[in-house]
file data.txt (compact mmCIF, C-alpha atoms)
# COMPACT_ATOMS: atom_id res chain seq x y z
CA MET A 59 -16.84 -24.05 -11.30
CA THR A 60 -14.42 -26.11 -9.25
CA LEU A 61 -11.67 -25.08 -11.65
CA VAL A 62 -12.51 -21.44 -10.98
CA PHE A 63 -12.37 -22.05 -7.23
CA VAL A 64 -8.98 -23.72 -7.45
CA LEU A 65 -7.53 -21.12 -9.81
CA ALA A 66 -8.70 -18.14 -7.77
CA TYR A 67 -7.51 -19.59 -4.48
CA ILE A 68 -4.15 -20.62 -5.93
CA MET A 69 -3.54 -17.12 -7.26
CA LEU A 70 -4.65 -15.43 -4.04
CA GLY A 71 -2.64 -17.81 -1.90
CA GLY A 72 0.45 -17.39 -4.05
CA GLY A 73 0.21 -13.62 -3.80
CA ALA A 74 -0.26 -13.80 -0.03
CA LEU A 75 2.71 -16.17 0.35
CA LEU A 76 4.97 -13.91 -1.70
CA ALA A 77 3.86 -10.90 0.36
CA LEU A 78 4.73 -12.91 3.47
CA VAL A 79 8.18 -13.60 2.02
CA ARG A 80 8.71 -9.88 1.58
CA LEU A 81 7.35 -9.29 5.08
CA ALA A 82 9.94 -11.67 6.51
CA ARG A 83 12.88 -10.61 4.36
CA GLY A 84 12.21 -6.92 3.84
CA PRO A 85 15.33 -5.02 4.81
CA SER A 86 13.55 -1.95 6.16
CA LEU A 87 10.46 -1.18 8.18
CA LEU A 88 8.85 0.50 5.18
CA ASP A 89 9.18 -2.62 3.05
CA ARG A 90 7.32 -4.47 5.76
CA VAL A 91 4.65 -1.80 5.87
CA VAL A 92 4.11 -2.09 2.13
CA ALA A 93 4.03 -5.88 2.39
CA THR A 94 1.51 -5.77 5.25
CA ASP A 95 -0.69 -3.39 3.32
CA THR A 96 -0.65 -5.67 0.30
CA LEU A 97 -1.24 -8.72 2.47
CA LEU A 98 -4.34 -7.17 4.05
CA VAL A 99 -5.67 -6.22 0.63
CA ILE A 100 -5.13 -9.78 -0.57
CA ILE A 101 -6.94 -11.09 2.52
CA ALA A 102 -9.87 -8.78 1.81
CA ALA A 103 -9.88 -9.92 -1.82
CA GLY A 104 -9.87 -13.54 -0.68
CA LEU A 105 -12.83 -12.96 1.62
CA ALA A 106 -14.71 -11.26 -1.21
CA VAL A 107 -13.89 -14.09 -3.62
CA HIS A 108 -15.09 -16.64 -1.09
CA ALA A 109 -18.31 -14.69 -0.51
CA ALA A 110 -18.89 -14.35 -4.23
CA LEU A 111 -18.20 -17.94 -5.15
CA GLN A 112 -20.33 -19.34 -2.32
CA ARG A 113 -23.05 -16.68 -2.78
CA ASP A 114 -22.79 -16.08 0.96
CA PRO A 115 -23.06 -12.41 2.00
CA THR A 116 -22.19 -13.06 5.65
CA LEU A 117 -18.55 -12.08 5.24
CA VAL A 118 -19.17 -8.78 3.53
CA PRO A 119 -19.11 -6.54 6.66
CA VAL A 120 -15.73 -8.02 7.54
CA LEU A 121 -14.40 -6.56 4.30
CA VAL A 122 -15.15 -3.02 5.47
CA VAL A 123 -13.27 -3.60 8.70
CA VAL A 124 -10.25 -5.15 6.97
CA SER A 125 -9.95 -2.36 4.43
CA LEU A 126 -10.14 0.31 7.12
CA LEU A 127 -7.61 -1.59 9.23
CA ALA A 128 -5.10 -1.64 6.36
CA PHE A 129 -5.34 2.12 5.98
CA VAL A 130 -5.06 2.92 9.67
CA GLY A 131 -2.13 0.55 10.16
CA SER A 132 0.00 1.82 7.30
CA VAL A 133 -0.69 5.47 8.06
CA SER A 134 0.13 5.12 11.74
CA VAL A 135 3.41 3.32 11.05
CA ALA A 136 4.33 5.95 8.45
CA ARG A 137 3.60 8.71 10.97
CA TYR A 138 5.71 6.87 13.53
CA ILE A 139 8.69 6.65 11.23
CA GLY A 140 8.14 10.26 10.20
CA GLY A 141 8.25 11.28 13.85
CA MET A 142 11.66 9.65 14.14
CA LEU A 143 13.04 11.96 11.46
CA ARG A 144 15.45 14.43 12.95
CA ARG A 145 17.03 17.58 11.75
CA SER A 146 19.50 16.66 9.11
CA PRO A 147 22.57 18.30 7.64
CA GLY A 148 22.54 19.35 4.00
CA ASP A 149 19.51 20.50 2.11
CA GLY A 150 17.01 18.91 4.47
CA GLN A 151 15.98 16.27 1.98
CA ASP A 152 18.01 13.41 3.34
CA ALA A 153 17.13 12.51 6.87
CA GLY A 154 19.75 9.81 7.13
CA LEU A 155 19.56 6.31 8.46
CA PRO A 156 17.87 5.33 11.72
CA ALA A 157 20.12 5.46 14.75
CA ALA A 158 20.47 1.69 15.05
CA ALA A 159 21.34 1.28 11.37
CA GLN A 160 23.86 4.10 11.67
CA GLN A 161 25.56 2.34 14.58
CA ARG A 162 25.60 -0.92 12.67
CA GLU A 163 27.24 0.75 9.67
CA GLU A 164 29.85 2.41 11.83
CA ALA A 165 30.56 -0.87 13.62
CA ALA A 166 30.96 -2.65 10.30
CA ARG A 167 33.38 -0.05 9.05
CA MET B 531 -33.62 -15.55 -18.51
CA SER B 532 -31.27 -18.40 -17.74
CA ASP B 533 -29.06 -17.17 -20.57
CA LEU B 534 -28.86 -13.83 -18.82
CA HIS B 535 -27.92 -15.52 -15.56
CA ALA B 536 -25.23 -17.55 -17.27
CA LEU B 537 -23.83 -14.41 -18.89
CA ALA B 538 -23.80 -12.54 -15.56
CA ASP B 539 -22.07 -15.49 -13.89
CA THR B 540 -19.44 -15.58 -16.62
CA VAL B 541 -18.74 -11.86 -16.30
CA ALA B 542 -18.52 -12.16 -12.51
CA VAL B 543 -16.14 -15.12 -12.65
CA VAL B 544 -13.90 -13.36 -15.17
CA CYS B 545 -13.77 -10.30 -12.89
CA LEU B 546 -12.91 -12.45 -9.87
CA LEU B 547 -10.17 -14.30 -11.73
CA LEU B 548 -8.64 -11.08 -13.04
CA GLY B 549 -8.61 -9.63 -9.54
CA SER B 550 -6.95 -12.76 -8.16
CA LEU B 551 -4.36 -12.57 -10.94
CA LEU B 552 -3.58 -9.00 -9.90
CA CYS B 553 -3.04 -10.21 -6.33
CA LEU B 554 -0.54 -12.79 -7.59
CA THR B 555 1.33 -10.17 -9.64
CA ALA B 556 1.48 -7.93 -6.58
CA GLY B 557 3.18 -10.71 -4.63
CA LEU B 558 5.66 -11.35 -7.46
CA GLY B 559 6.47 -7.65 -7.73
CA LEU B 560 6.92 -7.34 -3.98
CA VAL B 561 9.52 -10.09 -4.00
CA ARG B 562 11.38 -9.12 -7.16
CA PHE B 563 11.53 -5.33 -7.19
CA PRO B 564 14.56 -3.52 -5.77
CA ASP B 565 13.37 -0.73 -3.45
CA VAL B 566 10.41 0.64 -1.52
CA LEU B 567 8.95 2.80 -4.26
CA THR B 568 8.95 0.07 -6.90
CA ARG B 569 7.57 -2.45 -4.41
CA MET B 570 4.81 0.01 -3.64
CA HIS B 571 4.14 0.33 -7.35
CA ALA B 572 3.61 -3.42 -7.49
CA GLY B 573 1.67 -3.56 -4.25
CA THR B 574 -0.90 -0.97 -5.27
CA LYS B 575 -2.09 -2.97 -8.29
CA PRO B 576 -4.57 -5.07 -6.27
CA GLN B 577 -5.29 -2.15 -3.97
CA VAL B 578 -7.22 -0.28 -6.64
CA LEU B 579 -7.90 -2.28 -9.79
CA GLY B 580 -7.92 -5.69 -8.13
CA VAL B 581 -10.30 -4.65 -5.37
CA LEU B 582 -12.56 -2.91 -7.87
CA LEU B 583 -12.71 -5.98 -10.13
CA ILE B 584 -13.38 -8.31 -7.20
CA MET B 585 -16.07 -6.01 -5.81
CA VAL B 586 -17.79 -5.88 -9.20
CA GLY B 587 -17.65 -9.65 -9.44
CA GLY B 588 -18.96 -10.07 -5.92
CA ALA B 589 -21.77 -7.59 -6.45
CA ILE B 590 -22.87 -9.47 -9.55
CA ARG B 591 -22.74 -12.83 -7.82
CA LEU B 592 -24.32 -11.84 -4.49
CA GLN B 593 -27.50 -10.32 -5.95
CA GLY B 594 -28.64 -8.39 -2.94
CA TRP B 595 -28.79 -4.66 -2.41
CA SER B 596 -27.31 -4.69 1.10
CA ALA B 597 -24.26 -6.64 0.00
CA THR B 598 -23.90 -4.44 -3.08
CA TRP B 599 -23.90 -1.24 -1.05
CA MET B 600 -21.35 -2.62 1.36
CA LEU B 601 -19.07 -3.72 -1.47
CA LEU B 602 -19.43 -0.26 -2.98
CA LEU B 603 -18.45 1.20 0.38
CA VAL B 604 -15.32 -0.94 0.48
CA ALA B 605 -14.37 0.14 -3.05
CA VAL B 606 -14.87 3.82 -2.25
CA PHE B 607 -12.87 3.52 0.97
CA GLN B 608 -10.07 1.81 -0.87
CA MET B 609 -9.93 4.45 -3.59
CA MET B 610 -9.92 7.24 -1.00
CA THR B 611 -7.34 5.78 1.35
CA ALA B 612 -4.84 4.14 -1.01
CA PRO B 613 -3.37 7.45 -2.31
CA VAL B 614 -3.08 8.88 1.20
CA SER B 615 -1.16 5.97 2.68
CA ALA B 616 0.98 5.57 -0.45
CA HIS B 617 1.92 9.24 -0.36
CA MET B 618 2.92 9.09 3.30
CA ILE B 619 4.97 5.92 2.92
CA SER B 620 6.77 7.14 -0.18
CA ARG B 621 7.59 10.49 1.38
CA VAL B 622 9.12 8.86 4.44
CA ALA B 623 10.93 6.35 2.22
CA TYR B 624 12.52 9.13 0.18
CA ARG B 625 13.77 10.90 3.26
CA ARG B 626 15.01 7.72 4.85
CA ARG B 627 17.22 6.83 1.86
CA HIS B 628 15.18 3.73 1.15
CA VAL B 629 15.01 4.82 -2.48
CA ARG B 630 17.58 3.64 -4.99
CA ARG B 631 18.44 7.09 -6.33
CA ASP B 632 20.65 5.69 -9.05
CA LEU B 633 17.55 4.08 -10.58
CA LEU B 634 15.52 7.29 -10.65
CA LEU B 635 15.01 8.97 -14.00
CA VAL B 636 13.61 12.22 -12.61
CA ASP B 637 14.29 13.36 -9.06
CA GLU B 638 12.34 16.54 -8.53
CA LEU B 639 12.71 16.48 -4.75
CA GLY B 640 16.50 16.30 -4.93
CA ALA B 641 16.83 18.95 -7.62
CA GLY B 642 15.84 21.95 -5.55
CA HIS B 643 18.74 23.56 -3.73
CA ARG B 644 17.52 24.62 -0.32
CA GLU B 645 19.34 26.26 2.49
CA ALA B 646 20.29 24.11 5.43
CA GLY B 647 17.88 24.02 8.32
CA THR B 648 14.78 24.66 6.31
CA PRO B 649 11.89 22.68 7.78
CA HIS B 650 11.07 20.08 5.22
CA GLY B 651 7.60 18.91 5.90
CA ASP B 652 4.74 18.50 8.27
CA GLU B 653 6.17 15.70 10.36
CA PRO B 654 6.20 16.11 14.16
CA ALA B 655 9.99 16.34 14.26
CA ASP B 656 9.90 19.08 11.65
CA ALA B 657 7.53 21.13 13.75
CA ALA B 658 10.03 20.96 16.60
CA THR B 659 12.94 22.08 14.42
CA ALA B 660 10.90 24.87 12.88
CA ARG B 661 9.93 26.22 16.26
CA GLY B 662 13.44 25.92 17.62
CA ALA B 663 15.37 27.21 14.65
CA ARG B 664 13.42 30.01 13.10
CA GLY B 665 10.16 30.55 14.93
CA PRO B 666 6.66 30.33 13.56
CA ALA B 667 7.72 32.29 10.47
CA GLY B 668 9.54 29.19 9.33
CA TYR B 669 6.30 27.42 8.60
CA GLY B 670 5.16 27.29 5.05
CA GLN B 671 8.63 27.48 3.54
CA GLY B 672 9.79 24.43 1.71
CA SER B 673 6.85 22.44 2.88
CA LEU B 674 6.40 20.85 -0.52
CA GLY B 675 8.75 17.97 0.30

call {"tool": "encode", "arguments": {"input": "data.txt", "output": "structure tokens"}}
result
Amino acid sequence: MTLVFVLAYIMLGGGALLALVRLARGPSLLDRVVATDTLLVIIAAGLAVHAALQRDPTLVPVLVVVSLLAFVGSVSVARYIGGMLRRSPGDGQDAGLPAAAQQREEAAR
Amino acid sequence: MSDLHALADTVAVVCLLLGSLLCLTAGLGLVRFPDVLTRMHAGTKPQVLGVLLIMVGGAIRLQGWSATWMLLLVAVFQMMTAPVSAHMISRVAYRRRHVRRDLLLVDELGAGHREAGTPHGDEPADAATARGARGPAGYGQGSLG
């Protein structure tokens, strides 16, 4: 059983660390949103694995909160970025870069 | 009876380990894949299948109806909310050019030739442009994006 503990926690911790790497490196806000979403899911999975391996149902209500929090967070950030979309030239499918990124590109040119 | 318990424990532990493995693959995919859509493809593996496997394992191990119902609630929430958030993020990512279009095999959103100024969605900014540019009649046109 100890082997199962170690294996499960190593895999969960590795996944969470790699999601943190993407959260730190991710070039855009949306990459970070995806990484945060995955990180919260991994945290919920870790809590559930702990509860299951210890046979301790105390942590189970926390799971509900964490899963709802992941949904609300990613949807609100997506709505925020969607609200920043402006009217675009062309066929309306390409909203262009954010204003700061546009300035950075023009400065680099 | 103890054989049955041992069997249930084995099934639960296998489910938990498979779910943890999916979490690890999600992290690997998040680091290695090139753009937002493919990273989301990797990140949603534990969101549905991983959470379901871990909830099944936990429900077998915890052996109590209250815990089982709450785990079922988490699984149902996850299956209802994962498509919604993924759809919103991917739609914004497509419009924000965070998609590597040279890697796309089929691009149905880019294929349609629309006239300029058509409101392209139900975002708050689109509502403003629709009202300013063409009045309330502009709603409902090209809202599939």

call {"tool": "residues_around", "arguments": {"input": "data.txt", "residues": "range 563-572 of chain B", "least_positions_apart": "4", "cutoff": "10 Å", "atoms": "only C-alpha atoms", "output": "VMD selection string"}}
result
(chain A and resid 80 84 to 93 95 to 96) or (chain B and resid 552 to 553 555 to 559 576 to 577 616 619 to 621 623 to 624 627 to 631 633)

call {"tool": "residues_around", "arguments": {"input": "data.txt", "residues": "range 585-595 of chain B", "least_positions_apart": "2", "cutoff": "12 Å", "atoms": "all atoms listed in the file", "output": "JSON, numbers by chain"}}
result
{"A": [102, 103, 104, 105, 106, 107, 108, 109, 110, 111, 112, 113, 114, 115, 116, 117, 118, 121, 122], "B": [534, 535, 536, 537, 538, 539, 540, 541, 542, 543, 544, 545, 546, 547, 548, 549, 550, 576, 577, 578, 579, 580, 581, 582, 583, 597, 598, 599, 600, 601, 602, 603, 604, 605, 606, 608]}

call {"tool": "atom_distance", "arguments": {"input": "data.txt", "atom1": "CA of Ala66 in chain A", "atom2": "CA of Ile100 in chain A"}}
result
11.6 Å

call {"tool": "closest_residue", "arguments": {"input": "data.txt", "among": "B:Ser615, B:Met609, B:Arg562, B:Ser596", "to": "chain A", "atoms": "all atoms listed in the file"}}
result
B:Ser615
